[in-house]
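J.: Attaching a single structure in structure tokens format; questions to follow.
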Amino acid sequence: MKPASISVVFTKGRREAKFRFFSPAKLWTVQTKAAGRSEEKKGRIGNANSEMSSKENCRNELRTAIRQLSDRCLHPAAKWAAEQLVGIEQDPAKFTPANTRFQRGSSSIRRRFRTNEIASATPLTPLAGVSYVSTPVMEEDEAVDNDFYLLGKTYFDCREYRRAAHALRDQTAKKSVFLRNYALFLAGEKRKEEESIELTGLGNSEPTNCELITIERELSTLRKNGTIDPFGLYLYGLVLKEKGNQNLARMVLVESVNCYPWNWSAWSELQALCSTPEILNGLNLSNHWMKDFFLASAYQELKMHNESLVKYEYLQGTFSFSNYVQAQIAQVQYSLREFELVEVIFEELLRNDPYRVEDMDMYSNVLYAKECFSALSYLAHRVFMTDKYRPESCCIIANYYSLKGQHEKAVTYFRRALKLNKNYLTAWTLMGHEYVEMKNTPAAVDAYRRAVDINPRDYRAWYGLGQAYEVMGMPFYALHYFKKSVFLQANDARLWIAMAQCYETEQLQMLEEAIKCYKRAASCGDKEAIALQQLAKLHRELGRFEEAAFYYKKDLERMEAEEREAQNMVEALSFLAEHCREMKRYEEAEVYCARLMDYGGPEKETAKNILRGIRGDTSLPSMDVDHFRP
Amino acid sequence: MATAAAFGVTPHKVSVCVLLQMYAPPAQAEPLFSVSQHNHLGLYLLALTKSHGDFLEPKLADLLTQLKEISGSLGDWLIEHLTSRLSSLSSPDDLAALFSEFRGILGGTEPAVIEDNQVVLDPNSYLGMFVRRCILAFNLLSFEGVCHLLTNIGNYCKEALSSCLPYELHGLDDSVNDLESSSTYENMDLENIVFQKVTEEMEANKQPSQRNSFHLHTPKALSGLVQDIEILAGSISNRAGKSGETCSSLDTSASGARHADTSGDMFLRTTSQLQGFFMEQADAIEKDGCSFPLNGFEVILNRIKKLAPELHRVHFLHYLTCLYHDDYFGALENLRRFFDYSVGIGGFDITPVPSRSKGFERYETGLLCLGMLQFHFGHPKQALEVLTEAVRVSQQQSNDSCLAYTLATICTLSSEMGSSSTSGMLGTSYSPTATIGTSLYFKQQLFVLLREALKRAESLKLKRLVASNRLAMAKFDLMNVQRPLLSFGPKASMKLRTCPVTVCKELRSCLHLVSEYGSESPTMTIEGAFSTAWLNNLRRPMGASVLSLDNGVGEGSNAFQFCAQPSSIPRSVLQLVGSSYLVRATAWEIYGSASLARVNSLVFATCYLDASSSSDAALVHAKLIQHLATFQGYKDAFSALKVAEQKFLSISRPVILLLKLQLLHERALHRGNLKLALQLCNELGVLASPFNGVDNQLKIEASMRHARTLLAAKQYRQASEVAQSLFCLCYQFNLQVENASVLLLLAEIHKKSGNAVLGLPYALASLSFCQSFNLDLLEASAKVTLAELWLSLGTNHAKRALTLLHGAFPMVLGHGGLELRARARLIEAQCYLCEPNYSAVEDSEIVLDALKQASDEFQVLEYHEMAAEAFYLMAMVYNKLGRLEEREEASDSFKKHILALENPQEEEEEEDEPVSEMLVEKN
């Protein structure tokens, strides 16, 4: 059942790829299903050359970029670029199997879902002449690398930042200037982290990077002189962001990525500064395939999941073996609550990249939700062996304990994760859940509140806050939080139900509002099917029998569809029978009564009574009810 | 752990310890100090550790300046010693040695070994504790911590030296130079302050950014100089500003901005000092309301948040600022954040209420605050919902004091919001059909609730709450007739009158609060305020030093005694007592004693103005000005209004605006400028909120004035329609005091329309209302109207009218305003004239006397219509008497007034400030 839905998703991506000259929004609406195989093939052949060359372009760009990035010790960005480089499908003719070993087995998902054609069918991004910078040819300002630069870089690589900065102190070449400032920045960061550990319990608990001012001063003069390179701009943006000057930081970063789009670190800093769709749309970004990566991740952060998914699937066309893209797709699917699919993707990822720790916390969440004890413990063990001092690892272990019901231990590990990264959102929220389980509501409230203050768009934490206050018997106070969470995640039935239940509490008794909420929940596809039932019940309590009957009927249909038998069924049937009788729709009533007779106990008796009543009302020749047996 | 977090060793603390070491030298050092100098230094150190004027510890430069001021010639020696001591620290071991030396400051517990000259610090004294805490905190430091301290001390000294340089230069020059330069700065800054008042917000917005760019390009020394000047400006503004509070907060905001860019070495003061700072700021916010500078303060709060994320009280202050700047969402968000984080404890190690064992202690307080927030923003329904939840939760938690506060809040809420909006929620038996029944029922409920709240507060000994409950009770008694809750049969006596005695009793018992304050408030903050005031005083660069150049040492102590005597009674208590005076004034206004009302307002204005919130202050000014207008005419009133407007920056003070509109309307009506009057009362109506049941007082006022304008325009039908609907409104909300005046207005309308018979019942009804609420003055004026009505029924009723009038005279002449007195006189004269056995020749003096007085008073009021009538009568009498000259004179005046009445425009133009201009200015 699930694979089908996945293939739908993938075909969507494929369909879109063919109309690559339209805007994505338009593509989404194009629903031509006529796209036959032959046509596809033709297109493939027609585009084959340009595709090949664009992929080749891409590869070349990335290769150069990686070198340049590592020259400047921008290791994370270089790492990211290298991953993407390998993520591009290689030409099997040119390479020996050894070269493609990274890609081995990576197509198993596609095999499973019969989607392997797409990969090659999808041409590369805006490349068809749209890309404005072709190759990252930077004028290498020192023909022969200066000796001091080499020394500085080695120090840097050994993580001796201050030494590196010192070695590069009088250098004027751009590369060296950047490296010196970057080294200074990192030295400051390192010191800052050390201080934050040293100073815990001394009151002054938020140390700042003390190098920021000097770096800012130098870079701003450089920028004014116009002698700053894109890397310098990136660093400048970083510094500005640290100092809280968001607008300027955004401007500078945009400048940087427009000049040199292959620096993923710059993109991700920029993305962190785009907190609303308006800001994102206001950015003046030049066209480049890196922009798609950026947009995809920005959409994802802004909870525009579908847009993000489209982008990623589009990117997968070129970077078909990129673990990064795959993990991001998993993340989006996770937000869309497609747990099965996420699990499959992660299994695949782990096969290809067994020592991966990034994003694995999400996998553990999925396993937690599916209550896979052994898989979770296996995962925990694996990440623990890989790198135990990663917040993700701690979070996974905590999840494991939480699943086992050992909440104290879970809290300990969440705390450790938070010690490693104070702004680790998930850990705060999950710790809040643990505290709720442990009935320590003030601590839970505190944890949730921290999560919310880190990211006010985290609906789970808002929901948790509401829940905590509801537990404390303050439903009216809780409502505010539920409203917040519902505002952020308007199509989540669980949130609406929680809010409705809050309205329904005996302290508030705001039934009208509760009904409205349940209606929303029902329209959002309420999986646990509380909404319909509650709607029926509430309407009955308020004496609106017509509406109540409507919802009971709906509920009944749903229960029939899902083949669930429950007490609710009996309740619905007996109400409907009674109601139909009162409305003098005797035939309907008889049908319900007949169904009610299936159940034993008092309901059977009531059914009989109703039937008798009907006979009396209609004054039909009375049948012997006792013989009325199915 | 907690104490360590709250009390870290900082360079400032180290230097205080060094100073303490000089204060109490370990061995028998040479007696450097005279006794007074010594004491003075001690006091200074004490103040330094207690003051809460700022949230950051002072820089070394500031410290040095202050030292120079307090100890005169010895200052140099102290500074020398201190700086050399601090700059000699070059390795962690030096620090360790220093702290082990500090141990010597403290005396042992046994007093055996003290020598003659030696000063030993008692380890249990405040300063002794301070040193002990420092030593303890140092001992707890890890090696990294010691290193930090060392680098921090290094920076601390470096900054001071660079900014000290210009200071030293000034010192070397002759002091005249110094004086001159600082006085020019003073002028500049005073201008600045005036400017700032207008564009406070803008300034505060700009400040940080400007400073930033400025500092980037100036050498350190210059920036240090700038900082010094800012301090000057701050202290000057403290002294000079009328609204000292605003200025001082501006000062702190400036200093906040100042600190904002010098990153790195900033240290918060101790938590108790911070707590004092927060409390002071909260007071200032509450007092100044929306004129409190928002953005500047926000900068400070953000800094504190960054420096000490565990101090959650910051969120509360954020909430307060948002609340008073009408930022609903901001207030809501911050309030919730505060309670989410701290459960209301606020992150202080000293909590006023020791936390109880149960898990969630103070969420009910959060509910209470939220309720008040909703109330403030005019959402009575939500407020009540929240407050009921608060009641429930605090009952569950058996938090009695919170319950008492909640009940009191509900009382105020329900008494202010009127019955219509709340009756459905308070009472269980709600029936929309019987509105009268429910409104009475509602009043009963409110009464019971008030009594309950009062009892609870008394039993819990929450003195302030008791006082404010008593105030609420007095208000209730003032406005409502008390009926026995249960009455059996005909024998139960039904005395349908309000009882002024109980009102006075309640108000008086409110005053007991002053004598009882104290026990509830933490004394620490008071001492802190004391110290802050003293330190600020020290900083005064000139004033004091010019006055007392010769007696160098004494200057500080002088200032200490005379300038900085902060009241020892907490602000909130003063505020409460002050508002009891306000209620008194209102009560007397209603009861009709003009002089007592005025006296009470004056008492408030002289004694409690400093402590009261600015809206209360504006209210009392409005009362006084109104008094002036009714008793001395508009000229004085308007000149007083001008002063008040300057004082309160009328944009933010609706009370003053309202007053202005009222006065203008009154005057326009008297002058007969009806178009303007109509325009004015429409403007008045716009001030009220469009929602039903909110701003009732204002709405009633507006439509009352509307009716009067229509009446003056002789549109009787419309006037009576307006008055009728007004009556309905008053009835709906059970506003019986207002009812009396509306009824009187209706009688007036009927009288003017020539339908005296119809007017009589209204006048009589009004009379009975007045009697049952003890509205003596209104009663007198009702009697006057009644007399007029009788008179207009025919001359044969003149006698009756006259007796009525004479009965009302004592009240009218004793407490009535100009208009009422003049009217009474005029009618008196008319009565005499109408009497059949009146002979002009014999009794002319009585009539003429009355007429003369009436005409004089009408002239003061510029009430042309009535003045003309008085002069007309006068002319007739003179004519009859054959005194032609006087007759001509009277008829001239008559003509003048009639002309003025016919072209009211001209008069406006003569004024130095036409009304249109005033209106523009107001807007």
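Residue numbers start at 1 in each chain; chains themselves are named A, B, ... in the order of the structure tokens; ligands are numbered from 1 in the order shown.
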Any idea what's packed within 8 Å of Cys524 of chain A, counting only C-alpha atoms, ignoring anything in its chain fewer than 2 positions away? Could you give it as an NGL selection string?

T.: :A and (491-493 or 520-522 or 526)

J.: If we count only C-alpha atoms, what is near Phe185 of chain A at a cut-off of 7 Å, once residues fewer than 4 positions away on the same chain are taken out, given as a list of chain:residue names?

T.: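 Neighbouring residues, sequence-local ones excluded: A:Asn181, A:Glu189, A:Glu211, A:Leu212.
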
J.: Put those residues in a file: N, CA and C atoms, as a PDB file, in the first residue's frame.

T.:
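Writing the result to selection05.pdb gives the following:
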ATOM      1  N   ASN A 181      41.410  35.735   9.520  1.00  0.00           N
ATOM      2  CA  ASN A 181      40.196  36.146  10.229  1.00  0.00           C
ATOM      3  C   ASN A 181      39.352  34.951  10.642  1.00  0.00           C
ATOM      4  N   GLU A 189      35.453  31.360  18.987  1.00  0.00           N
ATOM      5  CA  GLU A 189      34.361  30.426  19.244  1.00  0.00           C
ATOM      6  C   GLU A 189      34.786  29.342  20.230  1.00  0.00           C
ATOM      7  N   GLU A 211      36.448  37.935  19.781  1.00  0.00           N
ATOM      8  CA  GLU A 211      37.174  38.377  18.590  1.00  0.00           C
ATOM      9  C   GLU A 211      36.272  39.096  17.600  1.00  0.00           C
ATOM     10  N   LEU A 212      34.992  39.076  17.869  1.00  0.00           N
ATOM     11  CA  LEU A 212      34.048  39.572  16.866  1.00  0.00           C
ATOM     12  C   LEU A 212      34.365  41.003  16.450  1.00  0.00           C
TER      13      LEU A 212
END

J.: Just give me the gap between atom CA of Ala747 of chain B and atom CA of Val481 of chain B in Å, one decimal is fine.

T.: 23.6 Å

J.: Go through A:Val344, A:Ile213, A:Leu425, A:Val310 one by one, measure the shortest atom-to-atom distance of each to chain B using only C-alpha atoms, and give the residue with the smallest value.

T.: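 Looking only at the distances to chain B, the closest residue turns out to be A:Ile213.
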
J.: Of the candidates A:Lys303, A:Lys553, A:Lys439, A:Arg390, which one gets nearest to Arg416 of chain A if we count only C-alpha atoms?

T.: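 Of the candidates, the smallest distance to Arg416 of chain A is held by A:Arg390.
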
J.: As a PyMOL selection string, please: every residue in segment 321-526 of chain A that a backbone DSSP assignment puts in helix (DSSP H, G or I).

T.: chain A and resi 323-335+339-352+360-369+373-386+391-404+407-420+425-437+441-454+459-471+475-488+493-504+511-523

J.: Residues near Ala782 of chain B, anyone? I mean within 8 Å using only C-alpha atoms, not counting same-chain ones fewer than 5 positions away, as an MDAnalysis selection string.

T.: chainID B and resid 744 763:764 766:767

J.: Can you pull out every residue within 9 Å of segment 165-170 of chain A, counting only C-alpha atoms, but drop anything in the same chain fewer than 5 positions away, and send it as a PDB file with N, CA, C and O atoms, in the first residue's frame?

T.:
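Once written, out02.pdb looks like this:
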ATOM      1  N   PHE A 148      54.093  31.445   4.314  1.00  0.00           N
ATOM      2  CA  PHE A 148      53.392  31.704   5.579  1.00  0.00           C
ATOM      3  C   PHE A 148      51.980  31.184   5.514  1.00  0.00           C
ATOM      4  O   PHE A 148      51.439  30.688   6.494  1.00  0.00           O
ATOM      5  N   TYR A 149      51.408  31.324   4.339  1.00  0.00           N
ATOM      6  CA  TYR A 149      50.051  30.801   4.193  1.00  0.00           C
ATOM      7  C   TYR A 149      50.044  29.305   4.466  1.00  0.00           C
ATOM      8  O   TYR A 149      49.189  28.784   5.179  1.00  0.00           O
ATOM      9  N   LEU A 151      52.084  27.595   6.211  1.00  0.00           N
ATOM     10  CA  LEU A 151      52.277  27.348   7.648  1.00  0.00           C
ATOM     11  C   LEU A 151      50.972  27.563   8.394  1.00  0.00           C
ATOM     12  O   LEU A 151      50.537  26.729   9.205  1.00  0.00           O
ATOM     13  N   GLY A 152      50.363  28.693   8.072  1.00  0.00           N
ATOM     14  CA  GLY A 152      49.106  29.018   8.759  1.00  0.00           C
ATOM     15  C   GLY A 152      48.071  27.937   8.527  1.00  0.00           C
ATOM     16  O   GLY A 152      47.374  27.516   9.455  1.00  0.00           O
ATOM     17  N   LYS A 153      48.015  27.467   7.308  1.00  0.00           N
ATOM     18  CA  LYS A 153      46.993  26.479   7.000  1.00  0.00           C
ATOM     19  C   LYS A 153      47.253  25.186   7.764  1.00  0.00           C
ATOM     20  O   LYS A 153      46.327  24.561   8.275  1.00  0.00           O
ATOM     21  N   TYR A 155      48.746  24.904  10.619  1.00  0.00           N
ATOM     22  CA  TYR A 155      48.327  25.142  12.007  1.00  0.00           C
ATOM     23  C   TYR A 155      46.816  25.039  12.112  1.00  0.00           C
ATOM     24  O   TYR A 155      46.273  24.431  13.031  1.00  0.00           O
ATOM     25  N   PHE A 156      46.187  25.654  11.173  1.00  0.00           N
ATOM     26  CA  PHE A 156      44.727  25.656  11.186  1.00  0.00           C
ATOM     27  C   PHE A 156      44.206  24.227  11.153  1.00  0.00           C
ATOM     28  O   PHE A 156      43.327  23.853  11.920  1.00  0.00           O
ATOM     29  N   GLU A 160      45.000  24.593  15.641  1.00  0.00           N
ATOM     30  CA  GLU A 160      45.667  25.583  16.491  1.00  0.00           C
ATOM     31  C   GLU A 160      45.383  26.947  15.886  1.00  0.00           C
ATOM     32  O   GLU A 160      46.187  27.519  15.173  1.00  0.00           O
ATOM     33  N   SER A 176      44.986  34.603   2.501  1.00  0.00           N
ATOM     34  CA  SER A 176      45.580  34.614   3.838  1.00  0.00           C
ATOM     35  C   SER A 176      44.770  35.488   4.787  1.00  0.00           C
ATOM     36  O   SER A 176      44.590  35.146   5.950  1.00  0.00           O
ATOM     37  N   VAL A 177      44.315  36.601   4.259  1.00  0.00           N
ATOM     38  CA  VAL A 177      43.512  37.487   5.113  1.00  0.00           C
ATOM     39  C   VAL A 177      42.281  36.748   5.591  1.00  0.00           C
ATOM     40  O   VAL A 177      41.955  36.766   6.780  1.00  0.00           O
ATOM     41  N   LEU A 179      41.842  33.556   5.818  1.00  0.00           N
ATOM     42  CA  LEU A 179      42.186  32.454   6.712  1.00  0.00           C
ATOM     43  C   LEU A 179      42.526  32.979   8.105  1.00  0.00           C
ATOM     44  O   LEU A 179      42.138  32.390   9.110  1.00  0.00           O
ATOM     45  N   ARG A 180      43.202  34.118   8.120  1.00  0.00           N
ATOM     46  CA  ARG A 180      43.563  34.669   9.424  1.00  0.00           C
ATOM     47  C   ARG A 180      42.307  35.038  10.213  1.00  0.00           C
ATOM     48  O   ARG A 180      42.136  34.667  11.368  1.00  0.00           O
ATOM     49  N   ASN A 181      41.410  35.735   9.520  1.00  0.00           N
ATOM     50  CA  ASN A 181      40.196  36.146  10.229  1.00  0.00           C
ATOM     51  C   ASN A 181      39.352  34.951  10.642  1.00  0.00           C
ATOM     52  O   ASN A 181      38.784  34.922  11.722  1.00  0.00           O
ATOM     53  N   TYR A 182      39.328  33.988   9.765  1.00  0.00           N
ATOM     54  CA  TYR A 182      38.523  32.811  10.071  1.00  0.00           C
ATOM     55  C   TYR A 182      39.124  32.077  11.260  1.00  0.00           C
ATOM     56  O   TYR A 182      38.401  31.620  12.155  1.00  0.00           O
ATOM     57  N   ALA A 183      40.441  32.009  11.258  1.00  0.00           N
ATOM     58  CA  ALA A 183      41.110  31.356  12.384  1.00  0.00           C
ATOM     59  C   ALA A 183      40.814  32.103  13.678  1.00  0.00           C
ATOM     60  O   ALA A 183      40.520  31.500  14.706  1.00  0.00           O
ATOM     61  N   LEU A 184      40.852  33.418  13.566  1.00  0.00           N
ATOM     62  CA  LEU A 184      40.544  34.218  14.762  1.00  0.00           C
ATOM     63  C   LEU A 184      39.140  33.941  15.243  1.00  0.00           C
ATOM     64  O   LEU A 184      38.889  33.752  16.432  1.00  0.00           O
ATOM     65  N   ALA A 187      38.949  30.664  16.824  1.00  0.00           N
ATOM     66  CA  ALA A 187      39.608  30.708  18.131  1.00  0.00           C
ATOM     67  C   ALA A 187      38.663  31.306  19.155  1.00  0.00           C
ATOM     68  O   ALA A 187      38.520  30.807  20.277  1.00  0.00           O
TER      69      ALA A 187
END

J.: So, with only C-alpha atoms as the atoms that count, which of B:Leu471, B:Ala740, B:Val599, B:Met372 lies closest to Ser580 of chain B?

T.: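 The answer is B:Leu471, which sits nearest to Ser580 of chain B.
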
J.: Distance atom CA of Leu710 of chain B-atom CA of Leu745 of chain B, one decimal place?

T.: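 These atoms are spaced 11.7 Å apart.
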
J.: Expressed in Å to a single decimal, how great is the separation between atom CA of Ala308 of chain B and atom CA of Phe278 of chain B?

T.: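 Taking atom CA of Ala308 of chain B as the start and atom CA of Phe278 of chain B as the end point, the length is 13.6 Å.
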
J.: Using only C-alpha atoms, which residues sit within 10 Å of segment 231-235 of chain A once same-chain residues fewer than 4 positions away are excluded, as JSON, numbers by chain?

T.: {"A": [69, 72, 74, 174, 175, 177, 178, 179, 181, 182, 185, 215, 216, 219, 220, 222, 223, 227, 239, 240, 241, 249, 251, 252, 253, 254, 255, 256, 257, 259, 260, 263, 265, 266, 267, 269, 270]}

J.: I need the residue nearest chain B from this list: A:Arg337, A:Lys370, A:His407, A:Arg450. Use only C-alpha atoms for the distance.

T.: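 Closest candidate: A:Arg450.
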